[in-house]
Structures are given as C-alpha cells and as structure tokens.
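Data file: run-v3.cif. Format and content: mmCIF, C-alpha atoms and all ligand atoms.
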data_structure
#
loop_
_atom_site.label_atom_id
_atom_site.label_comp_id
_atom_site.auth_asym_id
_atom_site.auth_seq_id
_atom_site.Cartn_x
_atom_site.Cartn_y
_atom_site.Cartn_z
CA MET A 1 -32.62 25.44 -29.53
CA SER A 2 -35.50 27.42 -31.07
CA ASP A 3 -38.96 26.00 -31.70
CA SER A 4 -38.33 26.17 -35.47
CA ASP A 5 -35.08 24.21 -35.11
CA ARG A 6 -36.84 21.58 -33.04
CA THR A 7 -39.75 21.22 -35.48
CA VAL A 8 -37.67 21.09 -38.66
CA LEU A 9 -34.97 18.80 -37.24
CA ALA A 10 -37.59 16.39 -35.87
CA GLY A 11 -37.64 14.99 -39.41
CA LEU A 12 -33.94 14.06 -39.34
CA GLN A 13 -34.44 10.62 -37.87
CA SER A 14 -36.78 9.48 -40.63
CA ILE A 15 -34.47 10.62 -43.46
CA ARG A 16 -31.21 9.44 -41.85
CA SER A 17 -30.87 6.07 -43.60
CA ASP A 18 -31.81 7.55 -47.02
CA LEU A 19 -29.09 10.17 -46.54
CA GLU A 20 -26.48 7.61 -45.56
CA ASP A 21 -27.31 5.62 -48.71
CA LEU A 22 -27.12 8.80 -50.77
CA TYR A 23 -23.72 9.70 -49.31
CA LYS A 24 -22.34 6.25 -50.11
CA ASP A 25 -23.79 6.43 -53.62
CA LEU A 26 -22.10 9.80 -54.21
CA ARG A 27 -18.82 8.50 -52.83
CA ARG A 28 -19.05 5.51 -55.16
CA ASN A 29 -19.69 7.78 -58.16
CA PRO A 30 -17.25 10.71 -57.97
CA GLU A 31 -17.07 13.15 -60.91
CA LEU A 32 -14.38 15.68 -61.82
CA GLY A 33 -15.03 19.43 -62.08
CA LEU A 34 -17.61 20.54 -64.69
CA ARG A 35 -18.42 16.87 -65.34
CA GLU A 36 -20.72 16.38 -62.33
CA HIS A 37 -23.62 15.26 -64.55
CA ARG A 38 -24.79 12.35 -62.45
CA THR A 39 -24.44 14.24 -59.16
CA ALA A 40 -26.34 17.23 -60.59
CA LYS A 41 -29.08 14.93 -61.85
CA ARG A 42 -29.44 13.34 -58.43
CA ALA A 43 -29.63 16.75 -56.76
CA SER A 44 -32.19 18.06 -59.31
CA ALA A 45 -34.37 14.96 -59.01
CA ALA A 46 -34.28 15.10 -55.21
CA LEU A 47 -35.18 18.82 -55.13
CA ARG A 48 -38.05 18.33 -57.61
CA GLY A 49 -39.34 15.49 -55.48
CA PHE A 50 -39.38 17.80 -52.43
CA GLY A 51 -41.39 20.43 -54.37
CA TYR A 52 -38.60 22.87 -55.28
CA GLU A 53 -38.57 24.89 -58.48
CA VAL A 54 -35.39 23.60 -60.09
CA THR A 55 -33.07 25.08 -62.72
CA GLY A 56 -30.20 22.90 -63.88
CA GLY A 57 -27.33 23.24 -66.32
CA ILE A 58 -26.19 26.60 -64.91
CA GLY A 59 -22.55 27.10 -65.86
CA GLY A 60 -22.43 23.52 -67.12
CA THR A 61 -23.68 21.35 -64.27
CA GLY A 62 -24.78 23.88 -61.61
CA VAL A 63 -28.23 23.42 -60.06
CA ILE A 64 -30.48 25.68 -58.02
CA GLY A 65 -33.70 24.77 -56.27
CA VAL A 66 -36.00 27.48 -54.93
CA LEU A 67 -38.60 26.82 -52.23
CA ALA A 68 -40.76 29.92 -51.76
CA ASN A 69 -42.65 29.82 -48.48
CA GLY A 70 -44.27 33.21 -47.97
CA GLU A 71 -42.95 36.62 -47.01
CA GLY A 72 -39.57 36.67 -45.35
CA PRO A 73 -35.82 36.56 -45.95
CA VAL A 74 -34.17 34.66 -48.79
CA VAL A 75 -31.47 32.24 -47.62
CA MET A 76 -29.17 30.54 -50.11
CA VAL A 77 -27.18 27.47 -49.07
CA ARG A 78 -24.37 26.30 -51.32
CA ALA A 79 -22.71 22.88 -51.71
CA ASP A 80 -19.87 22.02 -54.11
CA MET A 81 -20.13 18.76 -56.09
CA ASP A 82 -16.76 17.95 -57.67
CA ALA A 83 -14.25 15.22 -56.88
CA LEU A 84 -10.46 15.12 -57.39
CA PRO A 85 -8.06 13.18 -59.63
CA VAL A 86 -6.83 11.09 -56.68
CA ARG A 87 -6.74 7.28 -56.47
CA GLU A 88 -8.77 6.20 -53.45
CA GLN A 89 -6.80 4.10 -50.98
CA THR A 90 -9.45 3.27 -48.43
CA ALA A 91 -10.90 -0.18 -47.94
CA LEU A 92 -14.46 1.15 -47.86
CA PRO A 93 -17.03 -1.03 -49.64
CA TYR A 94 -18.26 2.13 -51.39
CA ALA A 95 -14.82 3.32 -52.55
CA TYR A 96 -14.38 4.19 -56.24
CA THR A 97 -11.42 2.37 -57.75
CA LEU A 98 -11.84 2.84 -61.52
CA THR A 99 -10.44 5.57 -63.77
CA VAL A 100 -12.06 8.00 -66.19
CA THR A 101 -10.73 9.50 -69.40
CA GLY A 102 -9.45 13.00 -68.70
CA GLU A 103 -9.77 15.97 -71.04
CA ASP A 104 -6.26 15.30 -72.35
CA GLY A 105 -7.22 11.70 -73.22
CA THR A 106 -5.28 10.10 -70.36
CA GLU A 107 -6.83 7.78 -67.80
CA GLN A 108 -7.29 9.49 -64.44
CA PRO A 109 -8.32 8.21 -61.03
CA VAL A 110 -11.24 10.02 -59.36
CA MET A 111 -12.11 10.27 -55.70
CA HIS A 112 -14.23 12.35 -53.38
CA ALA A 113 -11.02 13.18 -51.54
CA CYS A 114 -12.25 16.59 -50.36
CA GLY A 115 -15.60 15.47 -48.93
CA HIS A 116 -17.86 17.29 -51.40
CA ASP A 117 -20.03 14.15 -51.33
CA VAL A 118 -20.74 15.04 -47.68
CA HIS A 119 -21.67 18.59 -48.72
CA VAL A 120 -24.09 17.41 -51.41
CA ALA A 121 -25.74 14.83 -49.13
CA CYS A 122 -26.10 17.34 -46.29
CA LEU A 123 -27.66 20.01 -48.48
CA ILE A 124 -30.12 17.51 -49.97
CA GLY A 125 -30.97 16.44 -46.41
CA CYS A 126 -31.45 20.03 -45.28
CA ALA A 127 -33.55 20.86 -48.38
CA ARG A 128 -35.77 17.88 -47.61
CA LEU A 129 -36.25 18.86 -43.96
CA MET A 130 -37.11 22.44 -44.93
CA ALA A 131 -39.71 21.18 -47.42
CA GLN A 132 -41.24 18.78 -44.90
CA ALA A 133 -41.73 21.41 -42.21
CA LYS A 134 -42.90 24.49 -44.09
CA ASP A 135 -45.17 25.53 -41.22
CA ALA A 136 -42.14 26.10 -39.00
CA TRP A 137 -40.51 28.84 -41.09
CA ARG A 138 -41.22 31.73 -43.48
CA GLY A 139 -39.30 33.11 -46.46
CA THR A 140 -37.47 31.50 -49.36
CA PHE A 141 -34.91 28.72 -49.15
CA VAL A 142 -32.53 28.34 -52.10
CA ALA A 143 -30.31 25.26 -52.45
CA LEU A 144 -27.36 25.78 -54.80
CA PHE A 145 -25.15 22.96 -56.07
CA GLN A 146 -21.93 24.31 -57.56
CA PRO A 147 -19.60 22.56 -60.00
CA SER A 148 -15.81 22.66 -60.14
CA LYS A 149 -14.70 24.16 -56.86
CA GLU A 150 -11.30 22.45 -56.97
CA ASN A 151 -10.38 24.19 -60.23
CA GLY A 152 -11.66 27.51 -58.89
CA ASP A 153 -13.88 28.11 -61.92
CA GLY A 154 -17.27 26.69 -60.90
CA ALA A 155 -18.71 29.72 -59.11
CA HIS A 156 -17.65 31.94 -62.02
CA ALA A 157 -19.17 29.51 -64.51
CA MET A 158 -22.56 29.79 -62.76
CA ILE A 159 -22.33 33.57 -62.44
CA ASN A 160 -21.31 34.01 -66.08
CA ASP A 161 -24.29 31.87 -67.06
CA GLY A 162 -26.74 34.32 -65.48
CA LEU A 163 -27.07 32.88 -61.96
CA THR A 164 -28.22 36.19 -60.49
CA SER A 165 -31.22 36.37 -62.84
CA LYS A 166 -32.31 32.79 -62.14
CA THR A 167 -33.03 33.08 -58.43
CA PRO A 168 -34.29 35.71 -55.98
CA ARG A 169 -31.47 37.78 -54.47
CA PRO A 170 -30.39 36.11 -51.20
CA ASP A 171 -30.23 38.07 -47.94
CA VAL A 172 -27.44 35.75 -46.87
CA VAL A 173 -25.42 32.91 -48.44
CA LEU A 174 -24.29 29.99 -46.26
CA ALA A 175 -21.87 27.13 -46.88
CA GLN A 176 -19.80 24.58 -44.99
CA HIS A 177 -16.81 22.31 -45.53
CA VAL A 178 -15.98 18.99 -43.92
CA LEU A 179 -12.48 19.14 -42.42
CA PRO A 180 -10.13 16.89 -40.42
CA TYR A 181 -11.75 17.58 -37.05
CA PRO A 182 -13.71 15.04 -35.02
CA ALA A 183 -17.16 14.31 -36.45
CA GLY A 184 -19.73 16.21 -34.42
CA TYR A 185 -17.54 19.32 -34.31
CA VAL A 186 -18.76 22.60 -35.87
CA GLY A 187 -16.51 25.65 -36.08
CA THR A 188 -17.22 29.24 -37.09
CA ARG A 189 -14.79 32.12 -37.50
CA CYS A 190 -15.28 35.88 -37.97
CA GLY A 191 -12.99 37.66 -40.42
CA PRO A 192 -10.29 35.94 -42.50
CA PHE A 193 -10.89 32.17 -42.65
CA LEU A 194 -9.42 30.83 -45.91
CA PRO A 195 -6.66 32.44 -47.96
CA ALA A 196 -6.76 33.66 -51.53
CA ALA A 197 -4.73 31.34 -53.74
CA ASP A 198 -3.14 32.54 -56.96
CA SER A 199 -1.01 30.34 -59.19
CA LEU A 200 1.19 32.00 -61.81
CA ARG A 201 3.31 30.81 -64.70
CA ILE A 202 6.19 33.16 -65.48
CA THR A 203 8.29 32.87 -68.62
CA VAL A 204 11.52 34.86 -68.76
CA HIS A 205 13.48 35.28 -71.99
CA GLY A 206 17.21 35.21 -72.57
CA ARG A 207 19.46 34.61 -75.57
CA GLY A 208 20.50 31.00 -76.01
CA VAL A 209 24.00 30.11 -77.23
CA HIS A 210 26.78 27.56 -76.72
CA GLY A 211 27.53 26.99 -73.04
CA SER A 212 31.15 28.11 -73.58
CA MET A 213 30.17 31.62 -74.72
CA PRO A 214 28.48 33.52 -71.89
CA GLN A 215 29.54 36.81 -73.50
CA ALA A 216 27.09 36.15 -76.33
CA ALA A 217 24.28 34.96 -74.08
CA VAL A 218 21.59 36.37 -71.85
CA ASP A 219 21.29 33.49 -69.42
CA PRO A 220 17.66 32.81 -68.37
CA VAL A 221 18.79 30.17 -65.85
CA VAL A 222 20.63 32.76 -63.78
CA MET A 223 17.78 35.23 -64.32
CA ALA A 224 15.23 32.71 -63.03
CA ALA A 225 17.47 31.79 -60.09
CA MET A 226 17.78 35.46 -59.06
CA ILE A 227 14.01 35.84 -59.33
CA VAL A 228 13.37 32.80 -57.13
CA VAL A 229 15.71 34.15 -54.45
CA ARG A 230 14.40 37.69 -54.65
CA LEU A 231 10.76 36.50 -54.40
CA GLN A 232 11.56 35.21 -50.89
CA THR A 233 11.93 38.81 -49.73
CA ILE A 234 8.28 39.69 -50.37
CA VAL A 235 6.92 37.91 -47.30
CA SER A 236 10.03 38.38 -45.17
CA ARG A 237 10.81 42.04 -46.02
CA GLU A 238 7.66 43.67 -47.38
CA LEU A 239 4.81 42.35 -45.20
CA ALA A 240 4.29 42.96 -41.50
CA ALA A 241 5.21 40.10 -39.18
CA THR A 242 1.51 39.87 -38.28
CA THR A 243 0.36 39.44 -41.89
CA PRO A 244 0.32 35.76 -42.88
CA ALA A 245 1.23 34.98 -46.52
CA VAL A 246 2.99 32.29 -48.52
CA VAL A 247 4.94 32.57 -51.80
CA THR A 248 6.04 29.13 -52.98
CA VAL A 249 7.91 28.50 -56.23
CA GLY A 250 6.81 24.96 -56.91
CA SER A 251 8.33 24.46 -60.35
CA ILE A 252 11.26 25.78 -62.35
CA HIS A 253 12.24 24.56 -65.81
CA ALA A 254 14.93 25.60 -68.27
CA GLY A 255 17.32 24.03 -70.69
CA THR A 256 17.99 20.57 -72.02
CA GLY A 257 21.69 19.87 -71.46
CA PRO A 258 24.84 20.98 -69.60
CA ASN A 259 26.56 22.83 -72.46
CA VAL A 260 23.69 24.86 -73.91
CA ILE A 261 22.46 28.17 -72.51
CA PRO A 262 18.71 28.03 -73.20
CA ASP A 263 16.67 30.97 -74.41
CA SER A 264 13.93 30.89 -71.81
CA ALA A 265 13.03 29.66 -68.35
CA VAL A 266 9.62 28.97 -66.81
CA ILE A 267 8.78 29.41 -63.15
CA GLN A 268 5.47 28.32 -61.61
CA LEU A 269 4.48 29.64 -58.25
CA ASN A 270 1.64 29.73 -55.77
CA VAL A 271 0.61 32.61 -53.51
CA ARG A 272 -1.61 32.46 -50.40
CA THR A 273 -2.88 35.63 -48.74
CA TYR A 274 -5.75 36.29 -46.32
CA ASP A 275 -7.04 39.71 -47.41
CA ASP A 276 -7.35 41.83 -50.54
CA ALA A 277 -4.68 44.36 -49.50
CA SER A 278 -1.90 41.82 -48.94
CA ARG A 279 -2.99 39.86 -52.02
CA THR A 280 -2.68 42.95 -54.22
CA HIS A 281 0.63 43.85 -52.62
CA VAL A 282 2.17 40.39 -53.12
CA LEU A 283 0.97 40.02 -56.73
CA ASN A 284 2.25 43.51 -57.61
CA ALA A 285 5.56 42.77 -55.89
CA ILE A 286 6.00 39.57 -57.94
CA GLU A 287 5.44 41.49 -61.17
CA ARG A 288 7.80 44.27 -60.06
CA ILE A 289 10.59 41.84 -59.10
CA VAL A 290 10.27 39.73 -62.24
CA LYS A 291 10.36 42.76 -64.52
CA ALA A 292 13.25 44.37 -62.63
CA GLU A 293 15.35 41.19 -62.63
CA CYS A 294 14.75 40.76 -66.35
CA GLU A 295 15.81 44.36 -66.89
CA ALA A 296 18.88 43.86 -64.67
CA SER A 297 19.83 40.78 -66.71
CA ARG A 298 19.47 42.53 -70.12
CA SER A 299 16.55 40.29 -71.10
CA PRO A 300 15.73 40.95 -74.77
CA LYS A 301 11.98 40.48 -74.35
CA ALA A 302 9.45 41.35 -71.66
CA PRO A 303 8.58 38.46 -69.32
CA ARG A 304 5.21 36.77 -69.66
CA ILE A 305 3.19 36.44 -66.46
CA GLU A 306 0.07 34.26 -66.74
CA LYS A 307 -2.47 33.43 -64.07
CA ILE A 308 -3.13 29.66 -63.97
CA THR A 309 -5.77 29.54 -61.23
CA SER A 310 -7.16 32.07 -58.82
CA PHE A 311 -9.27 31.78 -55.66
CA PRO A 312 -10.45 34.81 -53.67
CA PRO A 313 -9.87 35.02 -49.91
CA THR A 314 -12.80 33.81 -47.80
CA VAL A 315 -13.37 36.50 -45.20
CA ASN A 316 -16.42 35.90 -43.01
CA GLU A 317 -18.49 38.95 -42.28
CA GLU A 318 -19.04 39.67 -38.63
CA ALA A 319 -22.86 39.96 -38.39
CA PRO A 320 -23.94 36.77 -40.19
CA THR A 321 -21.10 34.79 -38.60
CA ARG A 322 -22.10 35.84 -35.09
CA ARG A 323 -25.70 34.98 -35.87
CA VAL A 324 -24.77 31.48 -37.00
CA ALA A 325 -22.31 31.01 -34.10
CA LYS A 326 -25.08 31.89 -31.64
CA ALA A 327 -27.50 29.44 -33.27
CA PHE A 328 -24.79 26.72 -33.25
CA ALA A 329 -24.00 27.33 -29.57
CA ALA A 330 -27.70 26.91 -28.74
CA HIS A 331 -28.02 23.74 -30.80
CA PHE A 332 -24.62 22.02 -30.54
CA GLY A 333 -23.51 23.22 -27.08
CA ASP A 334 -19.91 22.20 -26.38
CA ASP A 335 -19.46 20.89 -29.94
CA ALA A 336 -19.68 24.48 -31.29
CA HIS A 337 -16.21 26.00 -31.54
CA THR A 338 -14.21 28.86 -32.97
CA ILE A 339 -12.22 27.27 -35.78
CA ASP A 340 -8.57 28.03 -36.64
CA LEU A 341 -7.46 29.84 -39.77
CA GLN A 342 -7.26 27.27 -42.61
CA THR A 343 -4.79 27.16 -45.51
CA ALA A 344 -6.96 25.67 -48.30
CA SER A 345 -8.91 27.98 -50.61
CA GLU A 346 -12.48 28.38 -51.88
CA ASP A 347 -14.36 30.17 -54.64
CA MET A 348 -17.64 30.17 -52.68
CA SER A 349 -17.46 33.89 -51.83
CA GLU A 350 -17.79 34.77 -55.54
CA ILE A 351 -21.47 33.78 -55.32
CA PRO A 352 -22.55 36.18 -52.54
CA LYS A 353 -20.33 38.83 -54.16
CA ALA A 354 -22.27 38.50 -57.43
CA PHE A 355 -25.51 39.18 -55.53
CA GLY A 356 -24.02 41.86 -53.25
CA ALA A 357 -25.10 39.62 -50.35
CA PRO A 358 -23.34 38.87 -47.03
CA PHE A 359 -22.18 35.33 -46.31
CA THR A 360 -20.63 33.06 -43.75
CA TYR A 361 -18.74 29.81 -44.24
CA TRP A 362 -17.92 27.30 -41.52
CA GLY A 363 -16.24 23.94 -40.95
CA ILE A 364 -17.59 20.62 -39.68
CA GLY A 365 -15.60 17.58 -38.57
CA GLY A 366 -15.55 14.26 -40.42
CA ILE A 367 -13.03 12.12 -38.52
CA ASP A 368 -14.01 9.21 -36.27
CA PRO A 369 -14.06 10.90 -32.82
CA GLY A 370 -12.35 7.91 -31.15
CA LEU A 371 -9.54 7.88 -33.70
CA TYR A 372 -9.12 11.64 -33.33
CA ALA A 373 -9.00 11.47 -29.52
CA GLN A 374 -6.39 8.69 -29.71
CA ALA A 375 -4.23 10.68 -32.14
CA ALA A 376 -4.53 13.78 -29.96
CA GLU A 377 -3.50 11.78 -26.90
CA ASN A 378 -0.44 10.44 -28.74
CA GLY A 379 0.45 13.88 -30.13
CA ARG A 380 0.09 12.42 -33.63
CA ILE A 381 -2.78 14.35 -35.23
CA ALA A 382 -0.59 15.48 -38.15
CA GLN A 383 0.63 11.91 -38.78
CA ASP A 384 -2.46 9.80 -38.09
CA ILE A 385 -5.44 11.89 -39.23
CA PRO A 386 -6.08 11.88 -43.00
CA VAL A 387 -6.63 15.38 -44.35
CA ASN A 388 -8.64 16.62 -47.33
CA HIS A 389 -7.15 15.57 -50.70
CA SER A 390 -5.36 12.58 -49.20
CA PRO A 391 -6.19 9.16 -50.73
CA THR A 392 -7.42 7.95 -47.32
CA PHE A 393 -9.67 10.94 -46.49
CA ALA A 394 -13.04 9.36 -45.74
CA PRO A 395 -15.44 11.20 -43.42
CA VAL A 396 -17.31 8.73 -41.21
CA THR A 397 -21.00 8.54 -42.06
CA GLN A 398 -22.13 9.48 -38.57
CA PRO A 399 -22.20 11.78 -36.78
CA THR A 400 -20.82 13.68 -39.82
CA LEU A 401 -24.08 13.67 -41.81
CA ASP A 402 -26.33 14.45 -38.83
CA THR A 403 -24.04 17.32 -37.90
CA GLY A 404 -23.79 18.68 -41.45
CA VAL A 405 -27.55 18.57 -42.05
CA SER A 406 -28.27 20.09 -38.63
CA ALA A 407 -25.69 22.86 -39.10
CA LEU A 408 -27.13 23.93 -42.47
CA THR A 409 -30.68 23.78 -41.13
CA VAL A 410 -30.01 25.62 -37.87
CA ALA A 411 -28.03 28.31 -39.73
CA ALA A 412 -30.76 28.80 -42.36
CA LEU A 413 -33.42 29.00 -39.64
CA ALA A 414 -31.41 31.72 -37.90
CA TRP A 415 -32.88 33.86 -40.72
CA LEU A 416 -36.03 31.97 -41.67
CA GLY A 417 -37.29 30.67 -38.32
CA THR A 418 -40.51 32.12 -36.97
ZN ZN B 501 -10.47 20.42 -51.92
ZN ZN B 502 -13.24 20.98 -50.83
#

Represent the structure of the file as structure tokens.
Ligand code: ZN
Ligand code: ZN
Amino acid sequence: MSDSDRTVLAGLQSIRSDLEDLYKDLRRNPELGLREHRTAKRASAALRGFGYEVTGGIGGTGVIGVLANGEGPVVMVRADMDALPVREQTALPYAYTLTVTGEDGTEQPVMHACGHDVHVACLIGCARLMAQAKDAWRGTFVALFQPSKENGDGAHAMINDGLTSKTPRPDVVLAQHVLPYPAGYVGTRCGPFLPAADSLRITVHGRGVHGSMPQAAVDPVVMAAMIVVRLQTIVSRELAATTPAVVTVGSIHAGTGPNVIPDSAVIQLNVRTYDDASRTHVLNAIERIVKAECEASRSPKAPRIEKITSFPPTVNEEAPTRRVAKAFAAHFGDDAHTIDLQTASEDMSEIPKAFGAPFTYWGIGGIDPGLYAQAAENGRIAQDIPVNHSPTFAPVTQPTLDTGVSALTVAALAWLGT
C-alpha cells in the first residue's frame, strides 16, 4: 500500500457509520431511470459540503463534482444512480415496498435490485476521503453520478447535454459494479469484460386473408418462423467457435385467431457480443437474413427493423487496467482477483469515449462471505446466491462498502497519489 493510500484511507473509519446510513437511506428511496431527483440532490449536497464545485441537472439528473487540487492528472470516477421496476422481496428493515406511478400511468414497484445504491454510497465516501486528505495527492478528482444506466440512455443523456464542456478532460475514467461475489472481493479484467447488448423489434409484412386461402396470402407467420430458425445460424455458422455471442428471440407475435392469416408479424430479439467486429457482423447478418427471408416469401413491403435499446461492449484497456490491478494487489492482497467475463451490459464506456479518454471498469463482491462459502461448498452458487436484478439481491453493508470505497480511492490514487 502506498503512503497516499494509507493517508487517504485513514479517514475511512470515521466516515463508516455515515456511509452505512447513507446506503440504507438510498436503498429505502430507490428511483427509476431519469427520475433520480432525490438521489442526485443527496449527491450534490454531499459534494458541496466536501468543497467540490458541483454541476447538477446534466442530462436530466446527472451530477458532476470537481475537486481541483493543484497540477496533476484528472481522474473521473463514475457511479450510476438508477433503480429497477422490481418488487423487493427481502426482509430488510430498509427495504422499499411501495410503488410509484410509471410513465405510462401504471403503478410500478421500484427496487435497488442492481446495487447502484452501493455505487452511489461508495463514490460519495471516496469523494469525502479525497477532500479530507488533499495533502496526500495532487491533480483533479471528478465524481460523476450518472442517471438511467438500466435503460442504456443515461450516459448519452449527459453527453448530449454538454458533459464534455462542463468538466476538465479526464486522463482516465474509473467505475465499478457490485456483483454476486463474496463481499471483500475485487476483480479486474483486461480486454472484453461486458458484452454489447442490442435489442431489436422487427416487423415483417404479409398479405392477410381467410385461413382457407393460402394462394391469396403472403403468410407472415411462416415468414417469421423461417426468420427465427435462420437467425440461429448466425452464431453457430458465421462466428468462430472462440467468439462468444448470443442471439435470443424473446418475443414473437402475429395473428388473432386460427382461421385468419394476419398481415404482419413482430419479432423482438436481443443480441450480446463482446467486441465491435462481432457486433457489427451479427447486426448486419440479422438485417441480411430478415430482408432475404422477406424477399423469399414474396413480402409486399420491406421489413421494419427498429433498435429498442443499445449498450456498447465494455472492453477494458490494458494499461489502466494493469495499473489498477497492481494497486489492488498491493492494497487488497488475496482479495484481488481476475474476474470472469460477465453477461450483463453497461453504457459507462460512452463517457470516456466522449472525452477520448482511457478507462477501466471492475467488479466488487456484495454477498455475505459466509453464505457464499456455504453455497460454494454445497455446489449451489447458482441456486442460493441472489444475483443482480433479482428481488432478493441485497449487498451486505460490510465489508461491501469498505471495499467499494477503498477500491475507488486506491484506483484514483494510482494516478493522483504523490
Ligand atoms: Zn442492472
Ligand atoms: Zn447495474
């Protein structure tokens, strides 16, 4: 551990109980994407109190706090703030059990089922430690609180609202996610880490007639069925066996009754790829197959292919990742690991991309270590350990928060430490 790490982290003990209260408060007050008003207000107020120059309302609810501390690198640390429309099923005293009115007017449950409350608390903790120990480091520390990660539009919203002109250009951008590993665990990974995720809605057109008259019809049900089957060949026949990818058709809808050939069919699908080349290949292949099957079926009208949501791949650059991994090994010892490839997706990399800055993104554990060890011993990790987005996902307060704050701080000081 470096002298800077030691000096800055010496403050952790005195802020620990405030942070635990903050985490529970965030958990008790989850907010859906682009509606994180209360969370953003808490982050802004905290940063102002620590002496940061704060800009709020970026891309809706995004917040940045800048702490300039002399000549040196600029390090940006990002936390996402949004919760999910999931009904919490934990028995925690700080669980949220009410509903909110969704944009479509329906009542929706809300829960911090992805652990973004941990991310916000840890970044506020790190920002506080950095402000308390300014003698131990040099440069500029930027804390960024991003809205709407789950919908994949929060990073874009901040960028489109002029993020790059509101803060000094970072030399590196850092971020972390709490995952179903034992609390205390930190894991870095060079290269591909999280896949790109693209969801598409495809409408194919036929000619609807009476079910007894196929000669007068162009049947979109058969067309859609052929497309679904043919799409399976992209991963199995067009990509190398060493290139991981997923094409899942999760929804298919056509028709209203047994004796009517409908005039259209709608397919919704999701694609996961780990690099830009395979992503481009798979998306082009889907378009090619859909158009060709429509052509083969005599479809009277071109198919409509719409993107519903889109996340880029998260590919960790080698140099910053190695730097953070080295700092973690020195600080966390045996708790610092190389983490496996994950299958969830992130829009975090859009932020460094907008600045032309390198980045690295890592995972921390949030599961009770005893519970995890027991599940591992019984060979029941998949069955017994709640994962992100599940109604029972509830990172334990400690050592999750200590680890998350320390990881952000140690990583930032790998650039800013003196
Ligand atoms: Zn999530
Ligand atoms: Zn998440």

Worksheet item: Quick one: distance from atom CA of A:Arg78 to atom CA of A:Ser44 in Å, one decimal?
Response: 13.9 Å

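Near ligand ZN 502 (chain B), the residues found within 8 Å are Asp80, Cys114, Gly115, His116, Lys149, Glu150, His177, Val178, Glu346 and Asn388 of chain A (criterion computed using only C-alpha atoms and all ligand atoms).
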
Item to complete: List the neighbours of stretch 298-314 of chain A out to 7 Å using all atoms listed in the file; skip same-chain residues closer than 4 positions along the sequence, and give me the result as a PyMOL selection string.
Response: chain A and resi 152+192-206+218+274-275+291+294+345-347+349

Fill in: Given all atoms listed in the file as the counted atoms, nearest of A:Tyr372, A:Tyr96, A:Phe145, A:Tyr181 to A:Pro391
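Among A:Tyr372, A:Tyr96, A:Phe145, A:Tyr181, it is A:Tyr96 that comes nearest to A:Pro391.
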
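A search radius of 6 Å centred on (-21.1, 17.5, -39.0), applied to only C-alpha atoms, returns the residues Ala183, Gly184, Ile364, Gly365, Thr400, Leu401, Thr403 and Gly404 of chain A.
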
Worksheet, complete the sentence: In terms of all atoms listed in the file, the residue from A:Ala217, A:Ile58, A:Leu32, A:Val222 at minimal distance from ligand ZN 501 (chain B) is A:Leu32

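For the pair atom CA of A:Asp276 and atom CA of A:Val315, the separation is 9.7 Å.
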
Discussion item. When you count all atoms listed in the file, which of these residues is closest to A:Pro258: A:Leu283, A:Met226, A:Val221, A:Val410?
Written reply: A:Val221

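With only C-alpha atoms and all ligand atoms as the atoms that count, the residue of A:Gln342, A:Thr242, A:Asn270, A:Gln374 with the shortest distance to ligand ZN 501 (chain B) is A:Gln342.
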
Worksheet entry | Residue neighbourhood A:Tyr23, 12 Å, only C-alpha atoms, exclusion window fewer than 5 positions, as number ranges by chain | A: 16-18, 28-30, 39, 42-43, 81, 94-95, 112, 115-125, 394-398, 400-402, 404

Taking 3 positions as the minimum chain separation for residues in the same chain, which residues sit within 10 Å of A:Thr409 when counting all atoms listed in the file? Answer as a tab-separated table (two decimals) with C-alpha atoms, keeping the file's coordinate frame.
chain	number	residue	atom	x	y	z
A	4	SER	CA	-38.33	26.17	-35.47
A	5	ASP	CA	-35.08	24.21	-35.11
A	8	VAL	CA	-37.67	21.09	-38.66
A	9	LEU	CA	-34.97	18.80	-37.24
A	77	VAL	CA	-27.18	27.47	-49.07
A	122	CYS	CA	-26.10	17.34	-46.29
A	123	LEU	CA	-27.66	20.01	-48.48
A	125	GLY	CA	-30.97	16.44	-46.41
A	126	CYS	CA	-31.45	20.03	-45.28
A	127	ALA	CA	-33.55	20.86	-48.38
A	129	LEU	CA	-36.25	18.86	-43.96
A	130	MET	CA	-37.11	22.44	-44.93
A	403	THR	CA	-24.04	17.32	-37.90
A	404	GLY	CA	-23.79	18.68	-41.45
A	405	VAL	CA	-27.55	18.57	-42.05
A	406	SER	CA	-28.27	20.09	-38.63
A	412	ALA	CA	-30.76	28.80	-42.36
A	413	LEU	CA	-33.42	29.00	-39.64
A	414	ALA	CA	-31.41	31.72	-37.90
A	416	LEU	CA	-36.03	31.97	-41.67
A	417	GLY	CA	-37.29	30.67	-38.32

Worksheet item: Which polymer residues have any atom within 7 Å of an atom of A:Val172, counting all atoms listed in the file, with same-chain residues fewer than 3 positions away left out, as a PyMOL selection string?
Response: chain A and resi 75-76+357-359

Worksheet item: So, counting all atoms listed in the file, which residue among A:Asp82, A:Asp340, A:Glu287, A:Asp219 is closest to ligand ZN 501 (chain B)?
Response: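 Among A:Asp82, A:Asp340, A:Glu287, A:Asp219, it is A:Asp82 that comes nearest to ligand ZN 501 (chain B).
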
Worksheet entry | Using all atoms listed in the file: which of A:Thr338, A:Ser148, A:Thr321, A:Thr392 has the shortest distance to ligand ZN 501 (chain B) | A:Ser148

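Taking atom CA of A:Leu67 and atom CA of A:Trp362 as endpoints, the distance between them is 23.3 Å.
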
Practice prompt. Name all residues at most 8 Å from A:Phe328 (count all atoms listed in the file; drop same-chain ones fewer than 2 positions away) and give them as a list of chain:residue names.
Written response: A:Val186, A:Val324, A:Ala325, A:Lys326, A:Ala330, A:His331, A:Phe332, A:Gly333, A:Ala336, A:Ala407, A:Val410, A:Ala411
